[in-house]
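Okay, so here's the structure we're looking at.
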Amino acid sequence: MPESKNIRCEEVVEHLLTFLDGEEVGEGRRSLIEQHLEECRSCCSRADFELALRHRVREVAAKRPTAILRNRIRQLIDQF
Ligand SMILES: [Zn+2]
């Protein structure tokens with residue numbers, strides 16, 4: 001297996017957000033990243049973390065931050 005066919009963790013991390021967005025990461029790189037994520041535990045858990053974070057941010061944004069803030073203040077007041 002030629003060394004140049006492998007992709008390094010640094011390169012995966014560098015392109016991870018673009019990759020997760022489904023945007024173009026360069027010719028042939030997408031499959032290399034996919035392959036790397038299957039084989040590299042460290043990058044795989046990082047990708048999982050980024051996906052979970054994005055999901056969480058979308059969830060919170062969908063619930064209207066002002067309503068959440070209002071509930072939070074009410075909860076704080078109720079504690080007294
Ligand atoms: Zn890696």
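Following the order of the structure tokens, first chain is A, next is B, and so on, with residues numbered from 1 inside each chain and ligands from 1 in the order they appear.
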
Ligand 1 neighbours within 10 Å using only C-alpha atoms and all ligand atoms, as an mmCIF file with C-alpha atoms, in the first residue's frame:
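The resulting out_26.cif:
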```
data_model
loop_
_atom_site.group_PDB
_atom_site.id
_atom_site.type_symbol
_atom_site.label_atom_id
_atom_site.label_comp_id
_atom_site.auth_asym_id
_atom_site.auth_seq_id
_atom_site.Cartn_x
_atom_site.Cartn_y
_atom_site.Cartn_z
ATOM 1 C CA ILE A 7 -4.641 10.085 4.960
ATOM 2 C CA ARG A 8 -3.316 11.406 8.234
ATOM 3 C CA CYS A 9 -5.391 12.297 11.299
ATOM 4 C CA GLU A 10 -4.344 15.928 10.918
ATOM 5 C CA GLU A 11 -5.761 16.035 7.417
ATOM 6 C CA VAL A 12 -8.997 14.352 8.496
ATOM 7 C CA VAL A 13 -9.467 16.811 11.354
ATOM 8 C CA ILE A 33 -11.795 10.293 5.013
ATOM 9 C CA GLN A 35 -12.152 4.947 5.197
ATOM 10 C CA HIS A 36 -10.051 6.658 7.841
ATOM 11 C CA LEU A 37 -13.066 7.230 10.088
ATOM 12 C CA GLU A 38 -13.849 3.516 9.922
ATOM 13 C CA GLU A 39 -10.328 2.595 10.930
ATOM 14 C CA CYS A 40 -9.294 5.375 13.292
ATOM 15 C CA ARG A 41 -11.028 5.335 16.655
ATOM 16 C CA SER A 42 -9.794 8.785 17.598
ATOM 17 C CA CYS A 43 -11.098 10.517 14.468
ATOM 18 C CA CYS A 44 -14.301 8.483 14.549
ATOM 19 C CA SER A 45 -15.174 9.613 18.068
ATOM 20 C CA ARG A 46 -14.304 13.154 17.084
#
```

Assign secondary structure with DSSP using the backbone only, and return the residues of stretch 3-60 of chain A in alpha helix (DSSP H) as number ranges by chain.
-> A: 9-20, 29-39, 41-60

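Counting from atom CA of A:Gly28, the distance to atom CA of A:Leu16 is 14.5 Å.
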
Nearest-residue call for A:Leu53, choices A:Arg74, A:Gln79, A:Leu17, A:Val25, using only C-alpha atoms | A:Leu17
